Each structure stands twice: as C-alpha cells, then as structure tokens.
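One file, input-v4.pdb, carrying PDB, C-alpha atoms:
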```pdb
ATOM      1  CA  MET G   1      -5.349 -21.854 -27.303
ATOM      2  CA  SER G   2      -6.141 -25.297 -25.917
ATOM      3  CA  LYS G   3      -7.375 -25.707 -22.339
ATOM      4  CA  GLU G   4      -4.264 -27.734 -21.535
ATOM      5  CA  HIS G   5      -1.975 -24.995 -22.871
ATOM      6  CA  SER G   6      -3.889 -22.302 -20.990
ATOM      7  CA  SER G   7      -3.670 -24.362 -17.810
ATOM      8  CA  LEU G   8       0.104 -24.729 -18.180
ATOM      9  CA  ALA G   9       0.497 -20.983 -18.741
ATOM     10  CA  ASN G  10      -1.543 -20.269 -15.613
ATOM     11  CA  GLN G  11       0.505 -22.787 -13.669
ATOM     12  CA  ALA G  12       3.725 -21.178 -14.878
ATOM     13  CA  TYR G  13       2.415 -17.759 -13.852
ATOM     14  CA  ASP G  14       1.466 -18.947 -10.370
ATOM     15  CA  LEU G  15       4.833 -20.627  -9.828
ATOM     16  CA  LEU G  16       6.869 -17.659 -11.023
ATOM     17  CA  GLU G  17       4.784 -15.166  -9.050
ATOM     18  CA  GLN G  18       5.188 -17.229  -5.883
ATOM     19  CA  LYS G  19       8.960 -17.476  -6.317
ATOM     20  CA  ILE G  20       9.145 -13.720  -6.879
ATOM     21  CA  ILE G  21       7.014 -12.999  -3.803
ATOM     22  CA  GLN G  22       9.114 -15.318  -1.625
ATOM     23  CA  LEU G  23      12.350 -13.814  -3.007
ATOM     24  CA  GLU G  24      13.538 -17.112  -4.454
ATOM     25  CA  LEU G  25      13.956 -15.016  -7.597
ATOM     26  CA  GLY G  26      15.739 -11.987  -6.179
ATOM     27  CA  PRO G  27      14.902  -8.355  -6.968
ATOM     28  CA  GLY G  28      17.207  -7.014  -9.674
ATOM     29  CA  GLU G  29      18.521 -10.451 -10.660
ATOM     30  CA  ILE G  30      18.636 -11.385 -14.355
ATOM     31  CA  TYR G  31      17.716 -14.879 -15.548
ATOM     32  CA  SER G  32      17.585 -16.477 -18.970
ATOM     33  CA  GLU G  33      14.312 -17.978 -20.133
ATOM     34  CA  ALA G  34      15.978 -21.383 -20.060
ATOM     35  CA  GLU G  35      16.934 -20.900 -16.391
ATOM     36  CA  LEU G  36      13.404 -19.873 -15.431
ATOM     37  CA  SER G  37      11.920 -22.769 -17.354
ATOM     38  CA  GLU G  38      14.178 -25.111 -15.401
ATOM     39  CA  VAL G  39      13.284 -23.464 -12.084
ATOM     40  CA  ILE G  40       9.540 -24.032 -12.550
ATOM     41  CA  GLU G  41       9.979 -27.319 -14.446
ATOM     42  CA  LEU G  42       7.648 -26.284 -17.252
ATOM     43  CA  GLY G  43       8.175 -25.710 -20.970
ATOM     44  CA  ARG G  44       9.355 -22.399 -22.352
ATOM     45  CA  THR G  45       6.154 -21.625 -24.256
ATOM     46  CA  PRO G  46       3.810 -21.443 -21.230
ATOM     47  CA  MET G  47       6.641 -19.824 -19.273
ATOM     48  CA  ARG G  48       6.941 -17.026 -21.869
ATOM     49  CA  GLU G  49       3.206 -16.348 -21.661
ATOM     50  CA  ALA G  50       3.493 -16.154 -17.893
ATOM     51  CA  LEU G  51       6.395 -13.709 -18.216
ATOM     52  CA  LEU G  52       4.351 -11.441 -20.468
ATOM     53  CA  ARG G  53       1.652 -11.236 -17.771
ATOM     54  CA  LEU G  54       4.230 -10.597 -15.061
ATOM     55  CA  ALA G  55       5.839  -7.877 -17.180
ATOM     56  CA  LYS G  56       2.492  -6.102 -17.561
ATOM     57  CA  GLU G  57       2.172  -6.256 -13.779
ATOM     58  CA  ARG G  58       5.700  -4.826 -13.365
ATOM     59  CA  LEU G  59       7.052  -7.816 -11.490
ATOM     60  CA  VAL G  60       9.595  -8.579 -14.233
ATOM     61  CA  GLU G  61      11.295  -6.663 -17.041
ATOM     62  CA  MET G  62      12.035  -8.246 -20.403
ATOM     63  CA  ILE G  63      15.556  -7.281 -21.547
ATOM     64  CA  PRO G  64      16.247  -7.952 -25.236
ATOM     65  CA  ARG G  65      19.189 -10.332 -25.815
ATOM     66  CA  ARG G  66      19.879 -10.555 -22.066
ATOM     67  CA  GLY G  67      16.921 -12.271 -20.453
ATOM     68  CA  VAL G  68      14.467 -11.381 -17.726
ATOM     69  CA  ARG G  69      15.155  -9.064 -14.812
ATOM     70  CA  ILE G  70      13.137  -9.461 -11.635
ATOM     71  CA  SER G  71      11.887  -5.966 -10.876
ATOM     72  CA  ARG G  72      13.597  -4.129  -8.068
ATOM     73  CA  ILE G  73      11.600  -2.980  -5.057
ATOM     74  CA  ASP G  74      11.174   0.754  -5.617
ATOM     75  CA  LEU G  75      10.076   2.301  -2.318
ATOM     76  CA  THR G  76       8.842   5.553  -3.861
ATOM     77  CA  ASN G  77       6.700   3.689  -6.372
ATOM     78  CA  HIS G  78       5.550   1.370  -3.588
ATOM     79  CA  ILE G  79       3.901   4.299  -1.820
ATOM     80  CA  ALA G  80       1.938   5.128  -4.982
ATOM     81  CA  LEU G  81       1.006   1.469  -5.267
ATOM     82  CA  LEU G  82      -0.311   1.459  -1.683
ATOM     83  CA  GLU G  83      -2.361   4.583  -2.309
ATOM     84  CA  THR G  84      -3.990   2.846  -5.272
ATOM     85  CA  ARG G  85      -4.518  -0.333  -3.282
ATOM     86  CA  LYS G  86      -6.193   1.625  -0.477
ATOM     87  CA  ALA G  87      -8.993   2.816  -2.763
ATOM     88  CA  LEU G  88      -9.592  -0.689  -4.127
ATOM     89  CA  ASP G  89      -9.362  -2.363  -0.724
ATOM     90  CA  VAL G  90     -11.913   0.035   0.757
ATOM     91  CA  LEU G  91     -14.346  -0.854  -2.041
ATOM     92  CA  ILE G  92     -13.724  -4.600  -1.656
ATOM     93  CA  ALA G  93     -13.934  -4.602   2.145
ATOM     94  CA  THR G  94     -17.102  -2.498   2.368
ATOM     95  CA  ARG G  95     -18.823  -4.618  -0.280
ATOM     96  CA  ALA G  96     -17.743  -7.737   1.591
ATOM     97  CA  ALA G  97     -19.164  -6.352   4.848
ATOM     98  CA  LYS G  98     -22.477  -5.707   3.123
ATOM     99  CA  ARG G  99     -22.694  -9.054   1.324
ATOM    100  CA  ALA G 100     -21.149 -11.637   3.672
ATOM    101  CA  ASN G 101     -23.441 -14.580   4.370
ATOM    102  CA  PRO G 102     -23.464 -16.448   7.716
ATOM    103  CA  GLN G 103     -21.042 -19.120   6.502
ATOM    104  CA  GLN G 104     -18.579 -16.508   5.262
ATOM    105  CA  GLN G 105     -18.940 -14.544   8.493
ATOM    106  CA  GLU G 106     -18.023 -17.633  10.481
ATOM    107  CA  ARG G 107     -14.996 -18.312   8.296
ATOM    108  CA  LEU G 108     -13.896 -14.704   8.739
ATOM    109  CA  ARG G 109     -14.091 -14.980  12.524
ATOM    110  CA  GLU G 110     -12.014 -18.160  12.374
ATOM    111  CA  CYS G 111      -9.405 -16.277  10.325
ATOM    112  CA  SER G 112      -9.377 -13.496  12.922
ATOM    113  CA  ALA G 113      -8.574 -15.958  15.704
ATOM    114  CA  LYS G 114      -5.818 -17.611  13.660
ATOM    115  CA  MET G 115      -4.322 -14.242  12.751
ATOM    116  CA  LEU G 116      -4.198 -13.116  16.377
ATOM    117  CA  ARG G 117      -2.501 -16.386  17.393
ATOM    118  CA  ALA G 118       0.105 -15.903  14.660
ATOM    119  CA  GLY G 119       0.760 -12.377  15.904
ATOM    120  CA  GLN G 120       1.038 -13.448  19.541
ATOM    121  CA  THR G 121       3.510 -16.226  18.752
ATOM    122  CA  GLY G 122       5.422 -14.305  16.098
ATOM    123  CA  ASP G 123       4.836 -17.123  13.607
ATOM    124  CA  ILE G 124       5.720 -15.445  10.328
ATOM    125  CA  GLU G 125       4.796 -18.363   8.075
ATOM    126  CA  LYS G 126       1.421 -18.769   9.800
ATOM    127  CA  PHE G 127       0.828 -15.029   9.480
ATOM    128  CA  ARG G 128       1.595 -15.238   5.759
ATOM    129  CA  THR G 129      -0.760 -18.195   5.276
ATOM    130  CA  VAL G 130      -3.653 -16.626   7.177
ATOM    131  CA  ASP G 131      -3.112 -13.290   5.431
ATOM    132  CA  ASN G 132      -3.480 -15.054   2.075
ATOM    133  CA  ASP G 133      -6.656 -16.749   3.322
ATOM    134  CA  ILE G 134      -8.090 -13.421   4.491
ATOM    135  CA  ASP G 135      -7.376 -11.716   1.177
ATOM    136  CA  ALA G 136      -9.005 -14.550  -0.758
ATOM    137  CA  LEU G 137     -12.050 -14.720   1.516
ATOM    138  CA  ILE G 138     -12.741 -10.981   1.566
ATOM    139  CA  CYS G 139     -12.319 -10.819  -2.210
ATOM    140  CA  GLU G 140     -14.697 -13.764  -2.640
ATOM    141  CA  THR G 141     -17.229 -12.219  -0.271
ATOM    142  CA  SER G 142     -17.138  -8.811  -1.990
ATOM    143  CA  ASN G 143     -18.583 -10.359  -5.156
ATOM    144  CA  ASN G 144     -16.904  -7.660  -7.262
ATOM    145  CA  GLU G 145     -14.701  -9.406  -9.804
ATOM    146  CA  PHE G 146     -13.568  -6.163 -11.439
ATOM    147  CA  ALA G 147     -12.116  -4.711  -8.233
ATOM    148  CA  VAL G 148     -10.616  -8.075  -7.306
ATOM    149  CA  GLU G 149      -8.923  -8.425 -10.687
ATOM    150  CA  ALA G 150      -7.598  -4.865 -10.492
ATOM    151  CA  VAL G 151      -6.048  -5.358  -7.063
ATOM    152  CA  ALA G 152      -4.612  -8.868  -7.492
ATOM    153  CA  HIS G 153      -1.165  -7.918  -8.784
ATOM    154  CA  LEU G 154      -0.902  -5.113  -6.221
ATOM    155  CA  TYR G 155      -1.187  -7.772  -3.525
ATOM    156  CA  ALA G 156       1.745  -9.611  -5.125
ATOM    157  CA  HIS G 157       3.940  -6.495  -4.918
ATOM    158  CA  CYS G 158       2.919  -5.927  -1.292
ATOM    159  CA  LYS G 159       3.595  -9.526  -0.279
ATOM    160  CA  ARG G 160       7.045  -9.364  -1.865
ATOM    161  CA  PHE G 161       7.740  -6.121   0.005
ATOM    162  CA  TRP G 162       6.632  -7.831   3.218
ATOM    163  CA  SER G 163       8.929 -10.788   2.529
ATOM    164  CA  TYR G 164      11.866  -8.430   2.038
ATOM    165  CA  TYR G 165      11.291  -6.272   5.123
ATOM    166  CA  HIS G 166       9.450  -8.589   7.544
ATOM    167  CA  ASP G 167      12.341  -8.560  10.020
ATOM    168  CA  HIS G 168      11.651  -4.861  10.618
ATOM    169  CA  LEU G 169       7.859  -5.160  10.916
ATOM    170  CA  ASN G 170       5.773  -5.412  14.079
ATOM    171  CA  ILE G 171       3.921  -8.645  13.347
ATOM    172  CA  GLY G 172       1.797  -8.343  16.493
ATOM    173  CA  ARG G 173       0.432  -4.957  15.520
ATOM    174  CA  SER G 174      -0.132  -6.034  11.938
ATOM    175  CA  ALA G 175      -2.052  -9.106  13.125
ATOM    176  CA  GLU G 176      -4.303  -6.946  15.307
ATOM    177  CA  GLN G 177      -4.997  -4.582  12.407
ATOM    178  CA  HIS G 178      -5.939  -7.454  10.125
ATOM    179  CA  SER G 179      -8.116  -8.965  12.844
ATOM    180  CA  ASP G 180      -9.960  -5.646  13.207
ATOM    181  CA  LEU G 181     -10.649  -5.642   9.471
ATOM    182  CA  VAL G 182     -11.851  -9.229   9.388
ATOM    183  CA  LEU G 183     -14.177  -8.775  12.365
ATOM    184  CA  ALA G 184     -15.647  -5.576  10.900
ATOM    185  CA  VAL G 185     -16.444  -7.431   7.673
ATOM    186  CA  ALA G 186     -17.876 -10.392   9.619
ATOM    187  CA  ASP G 187     -20.076  -8.005  11.647
ATOM    188  CA  GLY G 188     -21.386  -6.255   8.532
ATOM    189  CA  ASP G 189     -19.816  -2.987   9.705
ATOM    190  CA  GLU G 190     -19.021  -1.151   6.463
ATOM    191  CA  GLN G 191     -17.645   1.966   8.169
ATOM    192  CA  GLY G 192     -15.512  -0.162  10.481
ATOM    193  CA  ALA G 193     -14.179  -2.123   7.505
ATOM    194  CA  LYS G 194     -13.295   1.108   5.708
ATOM    195  CA  GLU G 195     -11.493   2.495   8.753
ATOM    196  CA  ALA G 196      -9.600  -0.778   9.258
ATOM    197  CA  VAL G 197      -8.376  -0.783   5.646
ATOM    198  CA  ILE G 198      -7.210   2.808   5.959
ATOM    199  CA  ASP G 199      -5.409   1.983   9.215
ATOM    200  CA  ILE G 200      -3.611  -0.973   7.616
ATOM    201  CA  ILE G 201      -2.570   0.846   4.455
ATOM    202  CA  ASP G 202      -1.563   4.081   6.199
ATOM    203  CA  HIS G 203       0.622   2.036   8.547
ATOM    204  CA  GLN G 204       2.230   0.347   5.537
ATOM    205  CA  ILE G 205       2.814   3.731   3.877
ATOM    206  CA  ASP G 206       4.469   5.044   7.059
ATOM    207  CA  PHE G 207       6.670   1.947   7.221
ATOM    208  CA  THR G 208       7.627   2.324   3.557
ATOM    209  CA  ARG G 209       8.815   5.857   4.254
ATOM    210  CA  THR G 210      10.797   4.491   7.197
ATOM    211  CA  ALA G 211      12.259   1.758   4.986
ATOM    212  CA  LEU G 212      13.863   4.436   2.822
ATOM    213  CA  ASP G 213      16.325   4.912   5.691
ATOM    214  CA  LEU G 214      16.872   1.222   6.531
TER     215      LEU G 214
END
```

Translate this structure into structure tokens?
Amino acid sequence: MSKEHSSLANQAYDLLEQKIIQLELGPGEIYSEAELSEVIELGRTPMREALLRLAKERLVEMIPRRGVRISRIDLTNHIALLETRKALDVLIATRAAKRANPQQQERLRECSAKMLRAGQTGDIEKFRTVDNDIDALICETSNNEFAVEAVAHLYAHCKRFWSYYHDHLNIGRSAEQHSDLVLAVADGDEQGAKEAVIDIIDHQIDFTRTALDL
C-alpha cells in the first residue's frame, strides 16, 4: 500500500468516525457506500478500508447487499464498555502521573483551567474540545502506546454517547471531575489519578443506568 493510499484511508477513517461521534451519521441509519463516499468527499477504496476498521471497532455494521448501518447505542453494552475503559484509563492516568515532565504538567494545568471555565459557563462545544485535548495529552504523557491503542475506539463510543445524551448530563460536575483528574496527573499523584478515573467512570456508569429510563 502506498503512503498516499494509506493517508487517504486514515483520512477517511477520521472523517467517518467524527461524523459518527457527532451524530451526523445517526445511530441505526443505513447508508450506501456511495452515499458515505459523497459525505466525506473521498474515493470508495479508502472509504471501504476505513469502514472495515470501524466495523472491527463496532461503530458500523456491514450489511450484505444493503449497505452500512451505523451501530445503535446499546446501553447495556455501554456499561461493559465503560468497565473495560476504567481499567485502561487507570493504567494510562497513573503512568501519566508518574512520567509527566514539567512542560506536560503545565499544559495539564492549563487544560484544567479551561475545563472548569467550560463547566461554569455551560459551553458544551468548549467542554468537548478541552476533553479531547485532555485525552490526547494524558495518553501522550503515559508513554504506553499499547494501552492507548486499546482504549482509542472506546473513547469514540463514549464521545458518541455523550453527544446523544449531553442534554441530560451535569456539565459542571463532569468538568470538575475531569479537572480533578488532570490536576492529579500534573501533581504526580498516582493514587489521586486512579481515584479520579474511578469517580469519572463510575459516574458515567450510573448515568448509563439512568439513561435506560430516559
């Protein structure tokens, strides 16, 4: 595979994943490959390769002779997903707390301040942006590419869930929880980072159970 072809396939994957996360491609909806190719404005060959990756990550389902179904949000399975994510996030966050250098610690503290401002103002788009920055920075700081690779698609499922249910979420509380995590990592507090991850994920599990009745 040429570098150009690989780059196009990665680009197609990123575009499709983002549209799934932001619900531009709705859960349960069925699209033809031609429609998806038009949506992302890329050829069908790199788009197909992207779809194969997304299918392995359970974000889409390939339906013979019909097209591609965007996976539904299954709340029961989402709880199992969060339980798996908790174990990986604890590993990533504690490693990040142990390994963060002064520059990374400063960037983490800046993210904490931005996250708290987003929570105080109820700025959902800012919250989403800073949350993405926090995930990327903690993953980078952990220096554990195996854990980061394992958790990446779980983040995509969680962000899509958040997009779907954000009207019912307490953004202020969530911002404070994320700030606690970021500051624990910045302070090199491994136990604090572990406890913050558990607090975040357990809260998300509780909300998922609540969402079953929404």

Using atom CA of G:Asn10 and atom CA of G:Tyr165 as the two end points, give the distance in Å to one decimal.
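If I compute the distance from atom CA of G:Asn10 to atom CA of G:Tyr165, I get 28.1 Å.
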
Please determine the residues with any atom at most 10 Å from (-19.9, -8.8, 2.5) (coordinates as given in the file, with only C-alpha atoms counting) and report them as an mmCIF file with C-alpha atoms, in the frame of the given file.
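Once everything was written out, this is selection-v6.cif:
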```
data_model
loop_
_atom_site.group_PDB
_atom_site.id
_atom_site.type_symbol
_atom_site.label_atom_id
_atom_site.label_comp_id
_atom_site.auth_asym_id
_atom_site.auth_seq_id
_atom_site.Cartn_x
_atom_site.Cartn_y
_atom_site.Cartn_z
ATOM 1 C CA ILE G 92 -13.724 -4.600 -1.656
ATOM 2 C CA ALA G 93 -13.934 -4.602 2.145
ATOM 3 C CA THR G 94 -17.102 -2.498 2.368
ATOM 4 C CA ARG G 95 -18.823 -4.618 -0.280
ATOM 5 C CA ALA G 96 -17.743 -7.737 1.591
ATOM 6 C CA ALA G 97 -19.164 -6.352 4.848
ATOM 7 C CA LYS G 98 -22.477 -5.707 3.123
ATOM 8 C CA ARG G 99 -22.694 -9.054 1.324
ATOM 9 C CA ALA G 100 -21.149 -11.637 3.672
ATOM 10 C CA ASN G 101 -23.441 -14.580 4.370
ATOM 11 C CA PRO G 102 -23.464 -16.448 7.716
ATOM 12 C CA GLN G 104 -18.579 -16.508 5.262
ATOM 13 C CA GLN G 105 -18.940 -14.544 8.493
ATOM 14 C CA LEU G 137 -12.050 -14.720 1.516
ATOM 15 C CA ILE G 138 -12.741 -10.981 1.566
ATOM 16 C CA CYS G 139 -12.319 -10.819 -2.210
ATOM 17 C CA GLU G 140 -14.697 -13.764 -2.640
ATOM 18 C CA THR G 141 -17.229 -12.219 -0.271
ATOM 19 C CA SER G 142 -17.138 -8.811 -1.990
ATOM 20 C CA ASN G 143 -18.583 -10.359 -5.156
ATOM 21 C CA ALA G 184 -15.647 -5.576 10.900
ATOM 22 C CA VAL G 185 -16.444 -7.431 7.673
ATOM 23 C CA ALA G 186 -17.876 -10.392 9.619
ATOM 24 C CA ASP G 187 -20.076 -8.005 11.647
ATOM 25 C CA GLY G 188 -21.386 -6.255 8.532
ATOM 26 C CA ASP G 189 -19.816 -2.987 9.705
ATOM 27 C CA GLU G 190 -19.021 -1.151 6.463
#
```

Got a sec to resolve the PyMOL selection byres ((chain G and resi 63-67) around 6) on this structure and send the residues as a list in words?
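Here the PyMOL selection byres ((chain G and resi 63-67) around 6) matches Tyr31, Ser32, Met62 and Val68 of chain G.
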
Residues near G:Val60, cut-off 12 Å, all atoms listed in the file, skip fewer than 6 positions along chain, as a tab-separated table (two decimals) with C-alpha atoms, in the coordinates of the input:
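And here is the file that came out, out-v7.tsv:
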```
chain	number	residue	atom	x	y	z
G	13	TYR	CA	2.42	-17.76	-13.85
G	16	LEU	CA	6.87	-17.66	-11.02
G	17	GLU	CA	4.78	-15.17	-9.05
G	19	LYS	CA	8.96	-17.48	-6.32
G	20	ILE	CA	9.14	-13.72	-6.88
G	21	ILE	CA	7.01	-13.00	-3.80
G	25	LEU	CA	13.96	-15.02	-7.60
G	26	GLY	CA	15.74	-11.99	-6.18
G	27	PRO	CA	14.90	-8.36	-6.97
G	28	GLY	CA	17.21	-7.01	-9.67
G	29	GLU	CA	18.52	-10.45	-10.66
G	30	ILE	CA	18.64	-11.38	-14.36
G	31	TYR	CA	17.72	-14.88	-15.55
G	36	LEU	CA	13.40	-19.87	-15.43
G	48	ARG	CA	6.94	-17.03	-21.87
G	50	ALA	CA	3.49	-16.15	-17.89
G	51	LEU	CA	6.40	-13.71	-18.22
G	52	LEU	CA	4.35	-11.44	-20.47
G	53	ARG	CA	1.65	-11.24	-17.77
G	54	LEU	CA	4.23	-10.60	-15.06
G	67	GLY	CA	16.92	-12.27	-20.45
G	68	VAL	CA	14.47	-11.38	-17.73
G	69	ARG	CA	15.16	-9.06	-14.81
G	70	ILE	CA	13.14	-9.46	-11.64
G	71	SER	CA	11.89	-5.97	-10.88
G	72	ARG	CA	13.60	-4.13	-8.07
G	73	ILE	CA	11.60	-2.98	-5.06
G	157	HIS	CA	3.94	-6.50	-4.92
```

Please expand the PyMOL selection byres ((chain G and resi 46) around 10) into the concrete residues it hits in this file, giving the result as a list of chain:residue names.
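Evaluating the PyMOL selection byres ((chain G and resi 46) around 10) on this file yields G:His5, G:Ser6, G:Ser7, G:Leu8, G:Ala9, G:Asn10, G:Gln11, G:Ala12, G:Tyr13, G:Ser37, G:Leu42, G:Gly43, G:Arg44, G:Thr45, G:Met47, G:Arg48, G:Glu49, G:Ala50, G:Leu51.
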
Sel. within 9 Å of pt (-9.0, -12.1, 4.3), counting all atoms listed in the file, output as a list in words:
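Residues with an atom close enough to that point: Leu108, Cys111, Ser112, Val130, Asp131, Asn132, Asp133, Ile134, Asp135, Ala136, Leu137, Ile138, Cys139, His178, Leu181 and Val182 of chain G.
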
Work out how far apart atom CA of G:Gln191 and atom CA of G:Arg160 are and give it in Å to one decimal.
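Atom CA of G:Arg160 lies 29.0 Å from atom CA of G:Gln191.
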
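Taking atom CA of G:Ser179 and atom CA of G:Arg117 as endpoints, the distance between them is 10.4 Å.
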
Proximity to G:Tyr155 - best of G:Arg173, G:Arg85, G:His78, G:Lys56, all atoms listed in the file
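Using all atoms listed in the file, the shortest distance to G:Tyr155 belongs to G:Arg85.
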
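Residue nearest G:Lys86, chosen from G:Ile200, G:Ala113, G:Leu15, G:Ala193 and counting all atoms listed in the file: G:Ile200.
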
Which centre and edge lengths in Å to one decimal define the box along x, y and z that fits every listed atom of stretch 80-83 of chain G plus 4 Å per side, as JSON?
```
{"center_x": -0.2, "center_y": 3.3, "center_z": -3.5, "size_x": 12.3, "size_y": 11.7, "size_z": 11.6}
```

Given the file above and the PyMOL selection byres ((chain G and resi 80) around 12), which residues are selected, and can you give them as a PDB file with C-alpha atoms, in the coordinates of the input?
```
ATOM      1  CA  ASP G  74      11.174   0.754  -5.617  1.00  0.00           C
ATOM      2  CA  LEU G  75      10.076   2.301  -2.318  1.00  0.00           C
ATOM      3  CA  THR G  76       8.842   5.553  -3.861  1.00  0.00           C
ATOM      4  CA  ASN G  77       6.700   3.689  -6.372  1.00  0.00           C
ATOM      5  CA  HIS G  78       5.550   1.370  -3.588  1.00  0.00           C
ATOM      6  CA  ILE G  79       3.901   4.299  -1.820  1.00  0.00           C
ATOM      7  CA  LEU G  81       1.006   1.469  -5.267  1.00  0.00           C
ATOM      8  CA  LEU G  82      -0.311   1.459  -1.683  1.00  0.00           C
ATOM      9  CA  GLU G  83      -2.361   4.583  -2.309  1.00  0.00           C
ATOM     10  CA  THR G  84      -3.990   2.846  -5.272  1.00  0.00           C
ATOM     11  CA  ARG G  85      -4.518  -0.333  -3.282  1.00  0.00           C
ATOM     12  CA  LYS G  86      -6.193   1.625  -0.477  1.00  0.00           C
ATOM     13  CA  ALA G  87      -8.993   2.816  -2.763  1.00  0.00           C
ATOM     14  CA  LEU G 154      -0.902  -5.113  -6.221  1.00  0.00           C
ATOM     15  CA  HIS G 157       3.940  -6.495  -4.918  1.00  0.00           C
ATOM     16  CA  CYS G 158       2.919  -5.927  -1.292  1.00  0.00           C
ATOM     17  CA  ILE G 201      -2.570   0.846   4.455  1.00  0.00           C
ATOM     18  CA  ASP G 202      -1.563   4.081   6.199  1.00  0.00           C
ATOM     19  CA  GLN G 204       2.230   0.347   5.537  1.00  0.00           C
ATOM     20  CA  ILE G 205       2.814   3.731   3.877  1.00  0.00           C
ATOM     21  CA  THR G 208       7.627   2.324   3.557  1.00  0.00           C
ATOM     22  CA  ARG G 209       8.815   5.857   4.254  1.00  0.00           C
TER      23      ARG G 209
END
```

Of the candidates G:Ala55, G:Ala175, G:Met115, G:Leu88, which shows the shortest atom-to-atom distance to G:Ala152, using only C-alpha atoms?
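Going through G:Ala55, G:Ala175, G:Met115, G:Leu88 one by one, the smallest distance to G:Ala152 is for G:Leu88.
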
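Using all atoms listed in the file, the shortest contact distance between G:Glu125 and any of G:Ile171, G:Leu212, G:Ile198, G:Ile40 is found at G:Ile171.
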
Nearest-residue call for G:Val148, choices G:Leu91, G:Ala211, G:Leu23, G:Ala196, using only C-alpha atoms:
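Checking each of G:Leu91, G:Ala211, G:Leu23, G:Ala196 against G:Val148, counting only C-alpha atoms, the winner is G:Leu91.
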